[in-house]
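Below you'll find the structure, written out as structure tokens, and then a few comments.
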Amino acid sequence: MSAARRVVLLGFMAAGKTTVGRELAVLLGWRFLDVDQEIERRRGRSIPDIFREMGEAAFRAIEAEVASELVVDSEIVLAPGGGWVSGPMDLEALPPETLTVWLRISPEEILRRVSAAGDPGETRPLLRSADPLERVRTLLNAREPIYRKAALWVETEARSPHEIADEIARAVRDLELD
Ligand code: S3P
């Protein structure tokens, strides 16, 4: 048994992985790493552009590679995109001393948050659909079996990012991992 040395945040788009992740990193005095931002930096183009130019399968391969490269570091909070779990990754293959956390959110709240940020189909290419709520439900159903494998489940609705980050920080300090 040992203490956690890194946190990996799982959860659907708009669950708050980036916002909560930044706060959590500050609370722990660790570094925050955002996989999407790192992909955009390395490729010199936005995620929607990568989807448009290369397609989803190519994006998933890049995402899996970048995430597995970043996750080996310690004292980090890593936020992959919500669809990382649908690519060629293996949760069981994460380094030891990794606390996986599922930020839980309902389909309705997902749609509220992504719509508030503009046209969902523009910023989130996978939500480009005549019925985005149905699309969210379908994707969430497919991904949930993997999100459920997270060691810690945290409710995000009607809670501030700080509250959520604080709950995870306490778990990191208290929890002993196998
Ligand atoms: C995706 C989520 C996005 C981004 C891409 C695909 C997904 O990240 O990686 O648009 O398939 O759920 P966020 O979860 O940070 O929105």
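Ligands are numbered from 1 in the order shown, chains are lettered A, B, ... in the order of the structure tokens, and residues start at 1 in each chain.
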
**Request:** Please extract the residues at most 9 Å from ligand 1, counting only C-alpha atoms and all ligand atoms, and provide them as a ChimeraX atom specification, using the chain letters and residue numbers of this document.
**Result:** /A:10-18,34-36,47-48,51,56,59-60,63,79-86,114,123-127,139-140

For the residues in the current selection, export N, CA, C and O atoms as a compact mmCIF listing (two decimals), in the first residue's frame.
```txt
# COMPACT_ATOMS: atom_id res chain seq x y z
N LEU A 10 -11.18 11.49 -14.90
CA LEU A 10 -12.04 10.94 -15.94
C LEU A 10 -13.38 11.65 -15.88
O LEU A 10 -13.80 12.13 -14.82
N GLY A 11 -14.08 11.67 -17.00
CA GLY A 11 -15.41 12.26 -17.01
C GLY A 11 -15.72 12.85 -18.36
O GLY A 11 -14.81 13.17 -19.13
N PHE A 12 -17.01 12.99 -18.62
CA PHE A 12 -17.47 13.46 -19.92
C PHE A 12 -17.05 14.91 -20.16
O PHE A 12 -16.64 15.61 -19.24
N MET A 13 -17.18 15.33 -21.43
CA MET A 13 -16.94 16.75 -21.77
C MET A 13 -17.73 17.62 -20.79
O MET A 13 -18.86 17.26 -20.44
N ALA A 14 -17.14 18.72 -20.38
CA ALA A 14 -17.81 19.70 -19.52
C ALA A 14 -18.03 19.23 -18.09
O ALA A 14 -18.71 19.90 -17.32
N ALA A 15 -17.42 18.12 -17.71
CA ALA A 15 -17.55 17.66 -16.32
C ALA A 15 -16.71 18.54 -15.38
O ALA A 15 -16.88 18.49 -14.16
N GLY A 16 -15.80 19.32 -15.96
CA GLY A 16 -14.98 20.22 -15.15
C GLY A 16 -13.56 19.71 -14.94
O GLY A 16 -12.86 20.16 -14.03
N LYS A 17 -13.11 18.83 -15.80
CA LYS A 17 -11.77 18.23 -15.61
C LYS A 17 -10.68 19.29 -15.55
O LYS A 17 -9.79 19.23 -14.71
N THR A 18 -10.77 20.26 -16.48
CA THR A 18 -9.71 21.28 -16.53
C THR A 18 -9.82 22.24 -15.34
O THR A 18 -8.82 22.52 -14.66
N ASP A 34 -2.93 19.15 -19.07
CA ASP A 34 -4.16 18.97 -19.84
C ASP A 34 -3.78 18.34 -21.19
O ASP A 34 -3.02 18.94 -21.96
N VAL A 35 -4.28 17.14 -21.43
CA VAL A 35 -3.86 16.40 -22.62
C VAL A 35 -4.26 17.13 -23.91
O VAL A 35 -3.46 17.27 -24.83
N ASP A 36 -5.51 17.65 -23.97
CA ASP A 36 -5.94 18.38 -25.18
C ASP A 36 -5.02 19.58 -25.47
O ASP A 36 -4.65 19.82 -26.61
N ILE A 47 -8.20 21.24 -31.48
CA ILE A 47 -8.78 19.88 -31.48
C ILE A 47 -9.84 19.75 -32.59
O ILE A 47 -9.80 18.78 -33.35
N PRO A 48 -10.79 20.73 -32.73
CA PRO A 48 -11.74 20.59 -33.85
C PRO A 48 -11.06 20.49 -35.21
O PRO A 48 -11.48 19.72 -36.06
N PHE A 51 -9.73 16.94 -35.61
CA PHE A 51 -10.84 16.05 -35.96
C PHE A 51 -11.20 16.19 -37.43
O PHE A 51 -11.40 15.21 -38.14
N GLU A 56 -11.55 11.00 -36.26
CA GLU A 56 -11.52 10.64 -34.83
C GLU A 56 -10.47 9.58 -34.50
O GLU A 56 -9.77 9.67 -33.49
N PHE A 59 -7.12 11.04 -34.14
CA PHE A 59 -7.06 11.84 -32.91
C PHE A 59 -6.90 10.94 -31.69
O PHE A 59 -6.09 11.22 -30.80
N ARG A 60 -7.66 9.84 -31.63
CA ARG A 60 -7.58 8.92 -30.47
C ARG A 60 -6.17 8.34 -30.31
O ARG A 60 -5.71 8.14 -29.19
N GLU A 63 -4.02 11.08 -28.92
CA GLU A 63 -4.44 11.32 -27.53
C GLU A 63 -3.87 10.23 -26.60
O GLU A 63 -3.33 10.53 -25.53
N ALA A 79 -5.45 15.69 -16.91
CA ALA A 79 -6.82 15.73 -17.43
C ALA A 79 -6.81 15.36 -18.91
O ALA A 79 -6.50 16.20 -19.76
N PRO A 80 -7.11 14.10 -19.23
CA PRO A 80 -7.30 13.75 -20.64
C PRO A 80 -8.69 14.21 -21.07
O PRO A 80 -9.55 14.48 -20.22
N GLY A 81 -8.96 14.27 -22.38
CA GLY A 81 -10.31 14.57 -22.86
C GLY A 81 -11.26 13.46 -22.44
O GLY A 81 -10.84 12.33 -22.14
N GLY A 82 -12.55 13.79 -22.47
CA GLY A 82 -13.55 12.83 -22.00
C GLY A 82 -13.62 11.55 -22.80
O GLY A 82 -14.11 10.53 -22.32
N GLY A 83 -13.14 11.60 -24.06
CA GLY A 83 -13.23 10.42 -24.92
C GLY A 83 -11.97 9.57 -24.91
O GLY A 83 -11.89 8.57 -25.62
N TRP A 84 -11.02 9.95 -24.09
CA TRP A 84 -9.77 9.17 -23.99
C TRP A 84 -10.08 7.70 -23.71
O TRP A 84 -9.45 6.81 -24.25
N VAL A 85 -11.11 7.49 -22.88
CA VAL A 85 -11.48 6.11 -22.49
C VAL A 85 -12.04 5.30 -23.67
O VAL A 85 -12.17 4.09 -23.56
N SER A 86 -12.39 5.97 -24.77
CA SER A 86 -12.91 5.21 -25.91
C SER A 86 -11.81 4.95 -26.94
O SER A 86 -12.07 4.36 -27.99
N VAL A 114 -22.11 22.88 -22.25
CA VAL A 114 -21.46 23.07 -23.55
C VAL A 114 -22.22 24.10 -24.39
O VAL A 114 -21.61 24.82 -25.18
N THR A 123 -17.32 23.64 -30.82
CA THR A 123 -16.22 23.41 -29.88
C THR A 123 -16.01 21.92 -29.60
O THR A 123 -14.91 21.49 -29.30
N ARG A 124 -17.10 21.14 -29.70
CA ARG A 124 -17.01 19.69 -29.43
C ARG A 124 -17.50 18.95 -30.67
O ARG A 124 -18.70 18.67 -30.80
N PRO A 125 -16.58 18.60 -31.58
CA PRO A 125 -16.98 18.03 -32.87
C PRO A 125 -17.89 16.81 -32.74
O PRO A 125 -18.77 16.60 -33.57
N LEU A 126 -17.73 16.02 -31.69
CA LEU A 126 -18.53 14.81 -31.56
C LEU A 126 -19.98 15.10 -31.22
O LEU A 126 -20.83 14.22 -31.29
N LEU A 127 -20.27 16.34 -30.82
CA LEU A 127 -21.65 16.69 -30.48
C LEU A 127 -22.38 17.36 -31.63
O LEU A 127 -23.48 17.86 -31.47
N LEU A 139 -23.12 8.55 -26.17
CA LEU A 139 -21.68 8.52 -25.88
C LEU A 139 -21.43 8.19 -24.41
O LEU A 139 -20.54 7.41 -24.07
N LEU A 140 -22.24 8.80 -23.54
CA LEU A 140 -22.07 8.58 -22.10
C LEU A 140 -22.31 7.11 -21.75
O LEU A 140 -21.55 6.51 -20.99
```

**Item:** 8 Å contact set for His162 of chain A, only C-alpha atoms, chain neighbours under 4 positions out, as a list in words
**Value:** Val20, Glu23, Leu24 and Asp166 of chain A

**Message:** Would you pick out the contacts of Leu27 of chain A at 12 Å or less, using only C-alpha atoms, so that residues sharing its chain but fewer than 5 positions from it are not included, and give the list as a list in words?
**Reply:** Val20, Gly21, Arg22, Phe32, Glu75, Ile76, Val77, Pro161, His162, Glu163, Ile164, Ala165, Asp166, Glu167, Ile168, Ala169, Arg170, Val172 and Arg173 of chain A

Convert the current residue selection to file output with N, CA and C atoms, as a CSV table (one decimal), in the first residue's frame.
```csv
chain,number,residue,atom,x,y,z
A,20,VAL,N,-11.4,21.9,-12.4
A,20,VAL,CA,-11.2,21.2,-11.1
A,20,VAL,C,-9.7,20.8,-11.0
A,21,GLY,N,-9.2,20.3,-12.2
A,21,GLY,CA,-7.8,19.9,-12.2
A,21,GLY,C,-6.8,21.0,-11.8
A,22,ARG,N,-7.1,22.2,-12.3
A,22,ARG,CA,-6.2,23.3,-12.0
A,22,ARG,C,-6.2,23.6,-10.5
A,32,PHE,N,-0.4,20.7,-13.1
A,32,PHE,CA,-1.6,20.3,-13.8
A,32,PHE,C,-1.2,20.1,-15.3
A,75,GLU,N,3.5,13.6,-9.0
A,75,GLU,CA,3.0,14.9,-8.5
A,75,GLU,C,2.4,15.7,-9.6
A,76,ILE,N,1.5,15.0,-10.3
A,76,ILE,CA,0.8,15.7,-11.4
A,76,ILE,C,-0.7,15.4,-11.3
A,77,VAL,N,-1.5,16.3,-11.8
A,77,VAL,CA,-2.9,16.1,-12.0
A,77,VAL,C,-3.1,16.1,-13.5
A,161,PRO,N,-16.2,24.2,-8.3
A,161,PRO,CA,-14.9,23.5,-8.6
A,161,PRO,C,-14.0,23.4,-7.4
A,162,HIS,N,-14.1,24.4,-6.5
A,162,HIS,CA,-13.2,24.4,-5.3
A,162,HIS,C,-13.6,23.3,-4.4
A,163,GLU,N,-14.9,23.2,-4.2
A,163,GLU,CA,-15.5,22.1,-3.3
A,163,GLU,C,-15.0,20.7,-3.8
A,164,ILE,N,-15.2,20.6,-5.1
A,164,ILE,CA,-14.8,19.3,-5.7
A,164,ILE,C,-13.3,19.0,-5.6
A,165,ALA,N,-12.5,20.0,-5.9
A,165,ALA,CA,-11.1,19.9,-5.8
A,165,ALA,C,-10.7,19.5,-4.4
A,166,ASP,N,-11.3,20.2,-3.4
A,166,ASP,CA,-11.0,20.0,-2.0
A,166,ASP,C,-11.3,18.5,-1.6
A,167,GLU,N,-12.5,18.0,-2.1
A,167,GLU,CA,-12.8,16.6,-1.8
A,167,GLU,C,-11.7,15.6,-2.3
A,168,ILE,N,-11.3,15.9,-3.5
A,168,ILE,CA,-10.3,15.0,-4.1
A,168,ILE,C,-8.9,15.2,-3.4
A,169,ALA,N,-8.6,16.4,-3.0
A,169,ALA,CA,-7.3,16.6,-2.3
A,169,ALA,C,-7.3,15.9,-1.0
A,170,ARG,N,-8.5,15.9,-0.3
A,170,ARG,CA,-8.5,15.1,0.9
A,170,ARG,C,-8.3,13.6,0.7
A,172,VAL,N,-6.7,12.3,-1.7
A,172,VAL,CA,-5.3,12.0,-2.1
A,172,VAL,C,-4.4,11.9,-0.8
A,173,ARG,N,-4.7,12.8,0.2
A,173,ARG,CA,-4.0,12.8,1.4
A,173,ARG,C,-4.3,11.5,2.3
```

**Request:** Determine, counting only C-alpha atoms, which protein, DNA and RNA residues have an atom within 12 Å of an atom of Ala150 of chain A; residues of the same chain fewer than 5 positions away are not included. Present the result as a VMD selection string.
**Result:** chain A and resid 7 to 11 85 91 to 92 94 98 to 104 144 to 145

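Secondary structure by DSSP on the backbone puts the following residues of segment 105-157 of chain A in strand (DSSP E or B): Leu152, Trp153, Val154 and Glu155 of chain A.
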
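Take atom CA of Arg143 of chain A and atom CA of Glu53 of chain A: the distance between them is 24.4 Å.
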
With DSSP run on the backbone, what are the helix (DSSP H, G or I) residues within segment 17-111 of chain A? I'd like them as a short mmCIF file (atom, residue, chain, number, x, y, z; two decimals) with N, CA, C and O atoms, in the first residue's frame.
```cif
data_model
loop_
_atom_site.label_atom_id
_atom_site.label_comp_id
_atom_site.auth_asym_id
_atom_site.auth_seq_id
_atom_site.Cartn_x
_atom_site.Cartn_y
_atom_site.Cartn_z
N LYS A 17 -13.11 18.83 -15.80
CA LYS A 17 -11.77 18.23 -15.61
C LYS A 17 -10.68 19.29 -15.55
O LYS A 17 -9.79 19.23 -14.71
N THR A 18 -10.77 20.26 -16.48
CA THR A 18 -9.71 21.28 -16.53
C THR A 18 -9.82 22.24 -15.34
O THR A 18 -8.82 22.52 -14.66
N THR A 19 -11.01 22.73 -15.08
CA THR A 19 -11.19 23.71 -13.99
C THR A 19 -10.86 23.08 -12.64
O THR A 19 -10.10 23.64 -11.84
N VAL A 20 -11.44 21.90 -12.40
CA VAL A 20 -11.19 21.23 -11.12
C VAL A 20 -9.71 20.80 -11.04
O VAL A 20 -9.07 20.93 -9.99
N GLY A 21 -9.20 20.32 -12.16
CA GLY A 21 -7.80 19.86 -12.19
C GLY A 21 -6.83 20.96 -11.80
O GLY A 21 -5.89 20.73 -11.03
N ARG A 22 -7.05 22.17 -12.33
CA ARG A 22 -6.17 23.30 -11.98
C ARG A 22 -6.23 23.60 -10.48
O ARG A 22 -5.20 23.80 -9.84
N GLU A 23 -7.43 23.64 -9.95
CA GLU A 23 -7.61 23.94 -8.51
C GLU A 23 -6.96 22.86 -7.67
O GLU A 23 -6.31 23.12 -6.66
N LEU A 24 -7.16 21.61 -8.08
CA LEU A 24 -6.61 20.48 -7.34
C LEU A 24 -5.08 20.54 -7.31
O LEU A 24 -4.45 20.32 -6.27
N ALA A 25 -4.50 20.86 -8.47
CA ALA A 25 -3.05 20.94 -8.55
C ALA A 25 -2.52 22.02 -7.59
O ALA A 25 -1.51 21.81 -6.91
N VAL A 26 -3.24 23.14 -7.51
CA VAL A 26 -2.82 24.21 -6.59
C VAL A 26 -2.89 23.70 -5.14
O VAL A 26 -1.96 23.87 -4.36
N LEU A 27 -4.01 23.03 -4.81
CA LEU A 27 -4.18 22.54 -3.43
C LEU A 27 -3.09 21.55 -3.04
O LEU A 27 -2.64 21.52 -1.90
N LEU A 28 -2.69 20.73 -4.00
CA LEU A 28 -1.69 19.68 -3.69
C LEU A 28 -0.26 20.18 -3.87
O LEU A 28 0.69 19.51 -3.45
N VAL A 35 -4.28 17.14 -21.43
CA VAL A 35 -3.86 16.40 -22.62
C VAL A 35 -4.26 17.13 -23.91
O VAL A 35 -3.46 17.27 -24.83
N ASP A 36 -5.51 17.65 -23.97
CA ASP A 36 -5.94 18.38 -25.18
C ASP A 36 -5.02 19.58 -25.47
O ASP A 36 -4.65 19.82 -26.61
N GLN A 37 -4.69 20.32 -24.41
CA GLN A 37 -3.84 21.49 -24.62
C GLN A 37 -2.46 21.09 -25.12
O GLN A 37 -1.86 21.75 -25.96
N GLU A 38 -1.95 19.98 -24.59
CA GLU A 38 -0.63 19.51 -25.02
C GLU A 38 -0.67 19.05 -26.48
O GLU A 38 0.25 19.31 -27.24
N ILE A 39 -1.77 18.38 -26.88
CA ILE A 39 -1.92 17.96 -28.28
C ILE A 39 -1.96 19.20 -29.18
O ILE A 39 -1.29 19.25 -30.21
N GLU A 40 -2.73 20.22 -28.77
CA GLU A 40 -2.86 21.44 -29.59
C GLU A 40 -1.50 22.13 -29.71
O GLU A 40 -1.12 22.60 -30.78
N ARG A 41 -0.75 22.13 -28.60
CA ARG A 41 0.57 22.77 -28.62
C ARG A 41 1.51 22.04 -29.59
O ARG A 41 2.16 22.63 -30.42
N ARG A 42 1.53 20.70 -29.45
CA ARG A 42 2.45 19.92 -30.28
C ARG A 42 2.08 19.96 -31.76
O ARG A 42 2.95 19.96 -32.62
N ARG A 43 0.79 19.92 -32.06
CA ARG A 43 0.34 19.84 -33.46
C ARG A 43 0.15 21.22 -34.08
O ARG A 43 -0.04 21.34 -35.28
N ILE A 47 -8.20 21.24 -31.48
CA ILE A 47 -8.78 19.88 -31.48
C ILE A 47 -9.84 19.75 -32.59
O ILE A 47 -9.80 18.78 -33.35
N PRO A 48 -10.79 20.73 -32.73
CA PRO A 48 -11.74 20.59 -33.85
C PRO A 48 -11.06 20.49 -35.21
O PRO A 48 -11.48 19.72 -36.06
N ASP A 49 -9.96 21.25 -35.40
CA ASP A 49 -9.24 21.15 -36.68
C ASP A 49 -8.62 19.76 -36.86
O ASP A 49 -8.63 19.21 -37.96
N ILE A 50 -8.08 19.20 -35.79
CA ILE A 50 -7.48 17.86 -35.88
C ILE A 50 -8.56 16.83 -36.25
O ILE A 50 -8.35 15.98 -37.11
N PHE A 51 -9.73 16.94 -35.61
CA PHE A 51 -10.84 16.05 -35.96
C PHE A 51 -11.20 16.19 -37.43
O PHE A 51 -11.40 15.21 -38.14
N ARG A 52 -11.29 17.46 -37.88
CA ARG A 52 -11.70 17.72 -39.27
C ARG A 52 -10.67 17.17 -40.26
O ARG A 52 -11.02 16.51 -41.22
N GLU A 53 -9.40 17.41 -39.95
CA GLU A 53 -8.36 17.06 -40.93
C GLU A 53 -7.97 15.59 -40.88
O GLU A 53 -7.61 14.98 -41.88
N MET A 54 -8.00 14.98 -39.69
CA MET A 54 -7.46 13.62 -39.55
C MET A 54 -8.51 12.58 -39.17
O MET A 54 -8.26 11.38 -39.27
N GLU A 56 -11.55 11.00 -36.26
CA GLU A 56 -11.52 10.64 -34.83
C GLU A 56 -10.47 9.58 -34.50
O GLU A 56 -9.77 9.67 -33.49
N ALA A 57 -10.34 8.55 -35.35
CA ALA A 57 -9.43 7.45 -35.02
C ALA A 57 -7.99 7.96 -34.87
O ALA A 57 -7.28 7.58 -33.93
N ALA A 58 -7.59 8.86 -35.79
CA ALA A 58 -6.23 9.40 -35.72
C ALA A 58 -6.06 10.25 -34.46
O ALA A 58 -5.04 10.19 -33.78
N PHE A 59 -7.12 11.04 -34.14
CA PHE A 59 -7.06 11.84 -32.91
C PHE A 59 -6.90 10.94 -31.69
O PHE A 59 -6.09 11.22 -30.80
N ARG A 60 -7.66 9.84 -31.63
CA ARG A 60 -7.58 8.92 -30.47
C ARG A 60 -6.17 8.34 -30.31
O ARG A 60 -5.71 8.14 -29.19
N ALA A 61 -5.54 8.04 -31.45
CA ALA A 61 -4.18 7.47 -31.38
C ALA A 61 -3.21 8.51 -30.80
O ALA A 61 -2.40 8.20 -29.92
N ILE A 62 -3.33 9.76 -31.26
CA ILE A 62 -2.46 10.84 -30.75
C ILE A 62 -2.73 11.04 -29.26
O ILE A 62 -1.81 11.16 -28.44
N GLU A 63 -4.02 11.08 -28.92
CA GLU A 63 -4.44 11.32 -27.53
C GLU A 63 -3.87 10.23 -26.60
O GLU A 63 -3.33 10.53 -25.53
N ALA A 64 -3.99 8.97 -27.02
CA ALA A 64 -3.50 7.87 -26.20
C ALA A 64 -1.98 7.97 -26.01
O ALA A 64 -1.46 7.76 -24.91
N GLU A 65 -1.30 8.35 -27.08
CA GLU A 65 0.16 8.43 -27.01
C GLU A 65 0.60 9.57 -26.09
O GLU A 65 1.47 9.39 -25.22
N VAL A 66 -0.02 10.73 -26.26
CA VAL A 66 0.36 11.90 -25.44
C VAL A 66 0.03 11.63 -23.97
O VAL A 66 0.84 11.88 -23.07
N ALA A 67 -1.17 11.07 -23.71
CA ALA A 67 -1.56 10.81 -22.31
C ALA A 67 -0.61 9.80 -21.66
O ALA A 67 -0.18 10.00 -20.52
N SER A 68 -0.24 8.75 -22.38
CA SER A 68 0.63 7.73 -21.75
C SER A 68 2.03 8.28 -21.52
O SER A 68 2.72 7.88 -20.59
N GLU A 69 2.42 9.25 -22.34
CA GLU A 69 3.72 9.89 -22.14
C GLU A 69 3.69 10.80 -20.89
O GLU A 69 4.61 10.80 -20.08
N LEU A 70 2.59 11.56 -20.76
CA LEU A 70 2.51 12.53 -19.65
C LEU A 70 2.27 11.86 -18.30
O LEU A 70 2.71 12.35 -17.26
N TRP A 84 -11.02 9.95 -24.09
CA TRP A 84 -9.77 9.17 -23.99
C TRP A 84 -10.08 7.70 -23.71
O TRP A 84 -9.45 6.81 -24.25
N VAL A 85 -11.11 7.49 -22.88
CA VAL A 85 -11.48 6.11 -22.49
C VAL A 85 -12.04 5.30 -23.67
O VAL A 85 -12.17 4.09 -23.56
N SER A 86 -12.39 5.97 -24.77
CA SER A 86 -12.91 5.21 -25.91
C SER A 86 -11.81 4.95 -26.94
O SER A 86 -12.07 4.36 -27.99
N LEU A 91 -6.84 1.45 -18.74
CA LEU A 91 -6.84 2.02 -17.38
C LEU A 91 -5.97 1.18 -16.44
O LEU A 91 -5.31 1.72 -15.56
N GLU A 92 -6.00 -0.12 -16.67
CA GLU A 92 -5.24 -1.03 -15.80
C GLU A 92 -3.72 -0.85 -15.97
O GLU A 92 -2.96 -1.26 -15.11
N ALA A 93 -3.33 -0.25 -17.11
CA ALA A 93 -1.90 -0.10 -17.39
C ALA A 93 -1.34 1.22 -16.85
O ALA A 93 -0.17 1.52 -17.06
N PRO A 107 -26.42 13.96 -18.47
CA PRO A 107 -26.48 14.41 -19.86
C PRO A 107 -27.08 15.81 -19.99
O PRO A 107 -26.59 16.64 -20.78
N GLU A 108 -28.12 16.11 -19.19
CA GLU A 108 -28.78 17.43 -19.30
C GLU A 108 -27.81 18.54 -18.90
O GLU A 108 -27.73 19.59 -19.54
N GLU A 109 -27.07 18.32 -17.83
CA GLU A 109 -26.12 19.34 -17.36
C GLU A 109 -24.95 19.49 -18.35
O GLU A 109 -24.46 20.59 -18.57
N ILE A 110 -24.53 18.38 -18.94
CA ILE A 110 -23.47 18.44 -19.97
C ILE A 110 -23.91 19.38 -21.08
O ILE A 110 -23.19 20.30 -21.46
N LEU A 111 -25.13 19.16 -21.57
CA LEU A 111 -25.61 19.96 -22.68
C LEU A 111 -25.77 21.43 -22.29
O LEU A 111 -25.44 22.33 -23.06
#
```

**Complete:** Pairwise distance, atom CA of Asp90 of chain A with atom CA of Ser46 of chain A, equals 25.3 Å
